[in-house]
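**Q** This structure is in structure tokens; I'll ask about it shortly.
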Amino acid sequence: MWWTDSPPTAAEFRLNPAMPGTRLPAMAVVLSLCGAAVAAEDAPYAEYRYVPALGQIQVSTGVFDRTRDFDSRKVTLEREGILVVEAQQPRTFTRAEHVGAHVVVTTISLQPPVGHGEGGASSFSDVKVLLDGQPIVDCPFARGWGGIDRLVVDPARRFVTVAGHEGIVRYEGFESRKLVDEDWLFERARDARELIRNSK
């Protein structure tokens with residue numbers, strides 16, 4: 001809050017807790033605590049899993065604490081199917097699986113940050129999934145505007161299930177015929193926004 005005259009003294013704050021602007025110190029404490037949480041700089045990751053019992057490839061995303069041994073753990077995490085989704089130079093992460101009679105190749109491509117601020121200071125990534133050599137997914141995985149939170153491929157039925165977000169709008173969808181690409185993601189987000197708008 002801005003004061004038009006001089007700000008109140010500490011004694012005036014104690015005498016009149018209802019005075020306009022007295023919430024400012026409390027807000028400063030709250031904001032400093034929020035800043036402490038952000039300063040920890042969580043690391044974004046994608047977890048790749050082949051689940052033989054279900055005949056599915058699953059990729060989900062999340063964040064974890066960037067500890068002091070963070071850099072030394074990256075190789076071990078990747079062996080376990082956990083990819084840190086950030087890079088200082090372009091790189092790719094590829095896994096190939098035989099799922100029944102099918103071959104599924106999943107590639108996540110990472111690009112270094114291209115700017116500053118929200119979204120621009122993050123690495124960009126794309127995901128591509130080939131089913132028996134044919135692309136069934138070829139789209140952004142993480143961008144400043146949004147991305148995929150969960151991707152499930154069921155090769156036997158050619159089902160691709162996606163949960164993602166565009167800004168604060170969350171959406172889900174599945175596809176059994178068309179390529180899941182950037183336009184497909186935008187259409188799901190648009191449909192979700194229209195549902196929200198029409199529910200008011």
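In the structure tokens, chains take the letters A, B, ... in the order shown, each chain's residues start at 1, and ligands count up from 1 in the order shown.
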Within 7 Å of Pro90 of chain A, counting only C-alpha atoms, which residues qualify if same-chain residues fewer than 3 places away don't, as a PyMOL selection string?

**A** chain A and resi 87+110-112

**Q** Restricting the output to N, CA, C and O atoms, write the selected residues as a PDB file, in the first residue's frame.

**A**
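Writing done, so here's again-v7.pdb:
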ATOM      1  N   ALA A  87      18.523 -28.051 -19.986  1.00  0.00           N
ATOM      2  CA  ALA A  87      19.814 -28.274 -20.635  1.00  0.00           C
ATOM      3  C   ALA A  87      20.473 -26.949 -20.975  1.00  0.00           C
ATOM      4  O   ALA A  87      19.792 -25.955 -21.221  1.00  0.00           O
ATOM      5  N   LEU A 110      15.734 -31.821 -25.785  1.00  0.00           N
ATOM      6  CA  LEU A 110      15.872 -30.638 -24.926  1.00  0.00           C
ATOM      7  C   LEU A 110      16.623 -29.533 -25.651  1.00  0.00           C
ATOM      8  O   LEU A 110      17.603 -29.796 -26.344  1.00  0.00           O
ATOM      9  N   GLN A 111      16.152 -28.313 -25.463  1.00  0.00           N
ATOM     10  CA  GLN A 111      16.809 -27.124 -26.006  1.00  0.00           C
ATOM     11  C   GLN A 111      17.117 -26.177 -24.852  1.00  0.00           C
ATOM     12  O   GLN A 111      16.318 -26.062 -23.923  1.00  0.00           O
ATOM     13  N   PRO A 112      18.233 -25.465 -24.902  1.00  0.00           N
ATOM     14  CA  PRO A 112      18.561 -24.534 -23.816  1.00  0.00           C
ATOM     15  C   PRO A 112      17.587 -23.352 -23.772  1.00  0.00           C
ATOM     16  O   PRO A 112      16.879 -23.085 -24.749  1.00  0.00           O
TER      17      PRO A 112
END

**Q** List the spatial neighbours of Lys74 of chain A as a list in words - criterion: any atom at most 10 Å away, only C-alpha atoms, same-chain residues fewer than 6 positions off excluded.

**A**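 Everything that qualifies: Glu80, Ile82, Leu83 and Val84 of chain A.
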
**Q** Mind dumping the selected residues with all heavy atoms as a CSV table (one decimal), in the first residue's frame?

**A**
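Output (out_1.csv):
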chain,number,residue,atom,x,y,z
A,80,GLU,N,17.6,-44.7,-14.5
A,80,GLU,CA,16.3,-45.1,-13.9
A,80,GLU,C,15.1,-44.6,-14.7
A,80,GLU,O,14.0,-44.8,-14.3
A,80,GLU,CB,16.2,-44.6,-12.4
A,80,GLU,CG,17.3,-45.2,-11.5
A,80,GLU,CD,17.1,-46.7,-11.3
A,80,GLU,OE1,16.0,-47.1,-11.2
A,80,GLU,OE2,18.1,-47.4,-11.3
A,82,ILE,N,14.6,-41.3,-15.3
A,82,ILE,CA,14.2,-39.9,-14.9
A,82,ILE,C,15.1,-38.9,-15.5
A,82,ILE,O,16.3,-38.9,-15.3
A,82,ILE,CB,14.2,-39.8,-13.3
A,82,ILE,CG1,13.3,-40.9,-12.7
A,82,ILE,CG2,13.9,-38.4,-12.9
A,82,ILE,CD1,13.4,-41.0,-11.3
A,83,LEU,N,14.5,-38.1,-16.4
A,83,LEU,CA,15.3,-37.1,-17.2
A,83,LEU,C,15.1,-35.7,-16.6
A,83,LEU,O,13.9,-35.3,-16.5
A,83,LEU,CB,14.8,-37.1,-18.6
A,83,LEU,CG,15.4,-36.1,-19.5
A,83,LEU,CD1,16.9,-36.3,-19.7
A,83,LEU,CD2,14.7,-36.1,-20.9
A,84,VAL,N,16.1,-35.0,-16.2
A,84,VAL,CA,16.0,-33.6,-15.8
A,84,VAL,C,15.7,-32.8,-17.1
A,84,VAL,O,16.5,-32.9,-18.0
A,84,VAL,CB,17.3,-33.2,-15.1
A,84,VAL,CG1,17.2,-31.7,-14.7
A,84,VAL,CG2,17.5,-34.0,-13.8

**Q** List the neighbours of Leu179 of chain A out to 9 Å using only C-alpha atoms; skip same-chain residues closer than 2 positions along the sequence, and give me the result as a list of chain:residue names.

**A**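 Contacts, in chain order: A:Pro135, A:Ile136, A:Val137, A:Asp138, A:Glu175, A:Ser176, A:Arg177, A:Asp181, A:Trp184.
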
**Q** With C-alpha atoms retained, write the just-selected residues as a tab-separated table (two decimals), in the first residue's frame.

**A**
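Saved the output as out.tsv:
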chain	number	residue	atom	x	y	z
A	135	PRO	CA	4.92	-41.02	-35.66
A	136	ILE	CA	1.92	-41.01	-33.32
A	137	VAL	CA	3.16	-38.15	-31.08
A	138	ASP	CA	5.28	-35.22	-32.27
A	175	GLU	CA	-6.29	-40.13	-29.68
A	176	SER	CA	-6.45	-43.38	-31.60
A	177	ARG	CA	-6.17	-42.22	-35.23
A	181	ASP	CA	0.94	-32.60	-32.45
A	184	TRP	CA	-3.91	-31.24	-31.27

**Q** Of the residues A:Ile168, A:Val162, A:Leu130, A:Leu185, which is the one nearest to His98 of chain A, using only C-alpha atoms?

**A**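 Smallest separation from His98 of chain A among the options: A:Leu130.
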
**Q** Near Val153 of chain A, within 6 Å and counting only C-alpha atoms, which residues show up once chain neighbours fewer than 3 positions away are dropped, as a VMD selection string?

**A** chain A and resid 56 to 57 159 to 160

**Q** Pull all heavy atoms from the residues just selected and write them as a PDB file, in the first residue's frame.

**A**
ATOM      1  N   GLN A  56       2.058 -50.685 -21.642  1.00  0.00           N
ATOM      2  CA  GLN A  56       2.022 -49.239 -21.871  1.00  0.00           C
ATOM      3  C   GLN A  56       3.390 -48.593 -21.657  1.00  0.00           C
ATOM      4  O   GLN A  56       4.181 -49.046 -20.836  1.00  0.00           O
ATOM      5  CB  GLN A  56       1.043 -48.562 -20.910  1.00  0.00           C
ATOM      6  CG  GLN A  56      -0.393 -48.927 -21.115  1.00  0.00           C
ATOM      7  CD  GLN A  56      -1.296 -48.190 -20.129  1.00  0.00           C
ATOM      8  OE1 GLN A  56      -0.851 -47.641 -19.125  1.00  0.00           O
ATOM      9  NE2 GLN A  56      -2.583 -48.187 -20.425  1.00  0.00           N
ATOM     10  N   ILE A  57       3.585 -47.507 -22.387  1.00  0.00           N
ATOM     11  CA  ILE A  57       4.687 -46.581 -22.143  1.00  0.00           C
ATOM     12  C   ILE A  57       4.063 -45.384 -21.443  1.00  0.00           C
ATOM     13  O   ILE A  57       3.065 -44.837 -21.920  1.00  0.00           O
ATOM     14  CB  ILE A  57       5.340 -46.114 -23.466  1.00  0.00           C
ATOM     15  CG1 ILE A  57       5.794 -47.299 -24.311  1.00  0.00           C
ATOM     16  CG2 ILE A  57       6.464 -45.126 -23.184  1.00  0.00           C
ATOM     17  CD1 ILE A  57       6.882 -48.140 -23.705  1.00  0.00           C
ATOM     18  N   PHE A 159      -3.638 -46.303 -28.754  1.00  0.00           N
ATOM     19  CA  PHE A 159      -4.212 -45.224 -27.947  1.00  0.00           C
ATOM     20  C   PHE A 159      -3.087 -44.348 -27.397  1.00  0.00           C
ATOM     21  O   PHE A 159      -2.089 -44.857 -26.893  1.00  0.00           O
ATOM     22  CB  PHE A 159      -5.006 -45.779 -26.769  1.00  0.00           C
ATOM     23  CG  PHE A 159      -6.440 -46.079 -27.063  1.00  0.00           C
ATOM     24  CD1 PHE A 159      -6.926 -46.157 -28.359  1.00  0.00           C
ATOM     25  CD2 PHE A 159      -7.326 -46.295 -26.025  1.00  0.00           C
ATOM     26  CE1 PHE A 159      -8.248 -46.444 -28.626  1.00  0.00           C
ATOM     27  CE2 PHE A 159      -8.658 -46.588 -26.276  1.00  0.00           C
ATOM     28  CZ  PHE A 159      -9.116 -46.666 -27.577  1.00  0.00           C
ATOM     29  N   VAL A 160      -3.286 -43.052 -27.500  1.00  0.00           N
ATOM     30  CA  VAL A 160      -2.403 -42.076 -26.863  1.00  0.00           C
ATOM     31  C   VAL A 160      -3.284 -41.246 -25.940  1.00  0.00           C
ATOM     32  O   VAL A 160      -4.269 -40.655 -26.383  1.00  0.00           O
ATOM     33  CB  VAL A 160      -1.721 -41.152 -27.901  1.00  0.00           C
ATOM     34  CG1 VAL A 160      -0.866 -40.113 -27.197  1.00  0.00           C
ATOM     35  CG2 VAL A 160      -0.890 -41.958 -28.879  1.00  0.00           C
TER      36      VAL A 160
END

**Q** Need to verify the contact set: Val104 of chain A, 8 Å, only C-alpha atoms, exclusion of same-chain residues closer than 3 positions in sequence. Can you return it as a list in words?

**A**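 Counting only C-alpha atoms, the residues come to Ala96, Glu97, His98, Val99, Val129, Leu130, Leu131, Asp132, Gly133 and Pro155 of chain A.
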
**Q** Go ahead and save the residues from that selection, with N, CA and C atoms, as a short mmCIF file (atom, residue, chain, number, x, y, z; two decimals), in the first residue's frame.

**A**
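out.cif written:
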data_model
loop_
_atom_site.label_atom_id
_atom_site.label_comp_id
_atom_site.auth_asym_id
_atom_site.auth_seq_id
_atom_site.Cartn_x
_atom_site.Cartn_y
_atom_site.Cartn_z
N ALA A 96 13.73 -47.21 -26.51
CA ALA A 96 13.00 -48.08 -27.45
C ALA A 96 12.56 -49.33 -26.69
N GLU A 97 11.32 -49.73 -26.92
CA GLU A 97 10.76 -50.90 -26.24
C GLU A 97 10.04 -51.79 -27.24
N HIS A 98 10.12 -53.09 -27.03
CA HIS A 98 9.28 -54.05 -27.74
C HIS A 98 8.08 -54.30 -26.85
N VAL A 99 6.91 -53.90 -27.32
CA VAL A 99 5.68 -54.06 -26.55
C VAL A 99 4.80 -55.00 -27.37
N VAL A 129 7.02 -39.84 -30.42
CA VAL A 129 6.84 -41.27 -30.21
C VAL A 129 6.56 -41.91 -31.56
N LEU A 130 7.37 -42.92 -31.90
CA LEU A 130 7.17 -43.69 -33.12
C LEU A 130 6.61 -45.06 -32.74
N LEU A 131 5.53 -45.45 -33.41
CA LEU A 131 4.96 -46.78 -33.23
C LEU A 131 5.19 -47.54 -34.53
N ASP A 132 6.04 -48.55 -34.45
CA ASP A 132 6.42 -49.33 -35.63
C ASP A 132 6.91 -48.42 -36.77
N GLY A 133 7.68 -47.40 -36.38
CA GLY A 133 8.28 -46.49 -37.35
C GLY A 133 7.41 -45.32 -37.77
N PRO A 155 0.29 -49.31 -27.28
CA PRO A 155 0.54 -49.70 -28.67
C PRO A 155 -0.46 -50.70 -29.24
#

**Q** Would you please give, as an NGL selection string, all residues of segment 25-176 of chain A that DSSP assigns to strand (DSSP E) based on the backbone?

**A** :A and (43-51 or 56-64 or 82-84 or 91-99 or 102-111 or 124-131 or 134-143 or 146-154 or 159-166 or 169-175)

**Q** Would you kindly return, as a PyMOL selection string, each protein, DNA or RNA residue with an atom no farther than 9 Å from any atom of Thr94 of chain A, considering only C-alpha atoms and excluding same-chain residues fewer than 3 positions away?

**A** chain A and resi 105-109

**Q** Which residues, written as a list in words, have at least one atom at most 10 Å from Thr61 of chain A, with only C-alpha atoms counted and residues fewer than 2 positions away on the same chain left out?

**A**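 Once the adjacent positions are removed, what remains is Pro44, Tyr45, Ala46, Glu47, Tyr48, Val59, Val63, Ile82, Leu83, Val84, Val85, Phe141, Ala142, Gly147, Ile148, Asp149, Arg150 and Leu151 of chain A.
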
**Q** Write a file of the just-selected residues containing N, CA, C and O atoms, as a CSV table (one decimal), in the first residue's frame.

**A**
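And here's result.csv as it stands now:
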chain,number,residue,atom,x,y,z
A,44,PRO,N,12.8,-29.5,-12.8
A,44,PRO,CA,11.8,-30.2,-13.5
A,44,PRO,C,12.3,-31.6,-14.0
A,44,PRO,O,13.5,-31.7,-14.5
A,45,TYR,N,11.4,-32.6,-14.0
A,45,TYR,CA,11.9,-33.9,-14.6
A,45,TYR,C,10.7,-34.5,-15.3
A,45,TYR,O,9.6,-34.2,-15.2
A,46,ALA,N,11.1,-35.5,-16.2
A,46,ALA,CA,10.2,-36.4,-16.9
A,46,ALA,C,10.5,-37.8,-16.5
A,46,ALA,O,11.7,-38.1,-16.5
A,47,GLU,N,9.6,-38.6,-16.1
A,47,GLU,CA,9.8,-39.9,-15.7
A,47,GLU,C,9.3,-40.9,-16.8
A,47,GLU,O,8.1,-40.9,-17.0
A,48,TYR,N,10.1,-41.6,-17.4
A,48,TYR,CA,9.8,-42.6,-18.5
A,48,TYR,C,9.6,-44.0,-17.9
A,48,TYR,O,10.5,-44.4,-17.1
A,59,VAL,N,4.9,-41.6,-19.6
A,59,VAL,CA,5.8,-40.5,-19.3
A,59,VAL,C,5.0,-39.5,-18.4
A,59,VAL,O,4.0,-39.0,-18.8
A,63,VAL,N,8.5,-32.1,-10.3
A,63,VAL,CA,9.7,-31.3,-9.9
A,63,VAL,C,10.3,-32.0,-8.6
A,63,VAL,O,9.5,-32.6,-7.9
A,82,ILE,N,14.6,-41.3,-15.3
A,82,ILE,CA,14.2,-39.9,-14.9
A,82,ILE,C,15.1,-38.9,-15.5
A,82,ILE,O,16.3,-38.9,-15.3
A,83,LEU,N,14.5,-38.1,-16.4
A,83,LEU,CA,15.3,-37.1,-17.2
A,83,LEU,C,15.1,-35.7,-16.6
A,83,LEU,O,13.9,-35.3,-16.5
A,84,VAL,N,16.1,-35.0,-16.2
A,84,VAL,CA,16.0,-33.6,-15.8
A,84,VAL,C,15.7,-32.8,-17.1
A,84,VAL,O,16.5,-32.9,-18.0
A,85,VAL,N,14.6,-32.2,-17.1
A,85,VAL,CA,14.1,-31.5,-18.3
A,85,VAL,C,14.7,-30.1,-18.4
A,85,VAL,O,13.9,-29.1,-18.3
A,141,PHE,N,6.7,-30.7,-25.5
A,141,PHE,CA,6.6,-31.4,-24.2
A,141,PHE,C,6.5,-30.4,-23.1
A,141,PHE,O,5.7,-30.5,-22.2
A,142,ALA,N,7.4,-29.4,-23.1
A,142,ALA,CA,7.4,-28.3,-22.1
A,142,ALA,C,7.8,-27.0,-22.8
A,142,ALA,O,8.8,-26.9,-23.5
A,147,GLY,N,2.4,-27.3,-21.5
A,147,GLY,CA,3.0,-28.6,-21.9
A,147,GLY,C,2.3,-29.8,-21.5
A,147,GLY,O,1.1,-29.7,-21.1
A,148,ILE,N,2.9,-30.9,-21.5
A,148,ILE,CA,2.3,-32.2,-21.2
A,148,ILE,C,2.7,-32.6,-19.8
A,148,ILE,O,3.8,-32.5,-19.4
A,149,ASP,N,1.7,-33.0,-19.0
A,149,ASP,CA,1.9,-33.4,-17.6
A,149,ASP,C,2.0,-35.0,-17.6
A,149,ASP,O,2.7,-35.5,-16.8
A,150,ARG,N,1.3,-35.6,-18.5
A,150,ARG,CA,1.3,-37.1,-18.5
A,150,ARG,C,1.0,-37.6,-19.9
A,150,ARG,O,0.1,-37.0,-20.5
A,151,LEU,N,1.7,-38.6,-20.4
A,151,LEU,CA,1.5,-39.1,-21.7
A,151,LEU,C,1.5,-40.6,-21.5
A,151,LEU,O,2.5,-41.2,-20.9

**Q** Give the alpha helix (DSSP H) residues of segment 31-164 of chain A, as DSSP finds them on the backbone, and put them as a ChimeraX atom specification.

**A** /A:31-39,70-79

**Q** I'd like the interatomic distance between atom CA of Asp65 of chain A and atom CA of Ala43 of chain A, to a tenth of an Å.

**A**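 For atom CA of Asp65 of chain A relative to atom CA of Ala43 of chain A, the distance reads 6.2 Å.
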
**Q** To one decimal place, how far is atom CA of Arg158 of chain A from atom CA of His102 of chain A in Å?

**A**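 Pair atom CA of Arg158 of chain A / atom CA of His102 of chain A returns 10.1 Å.
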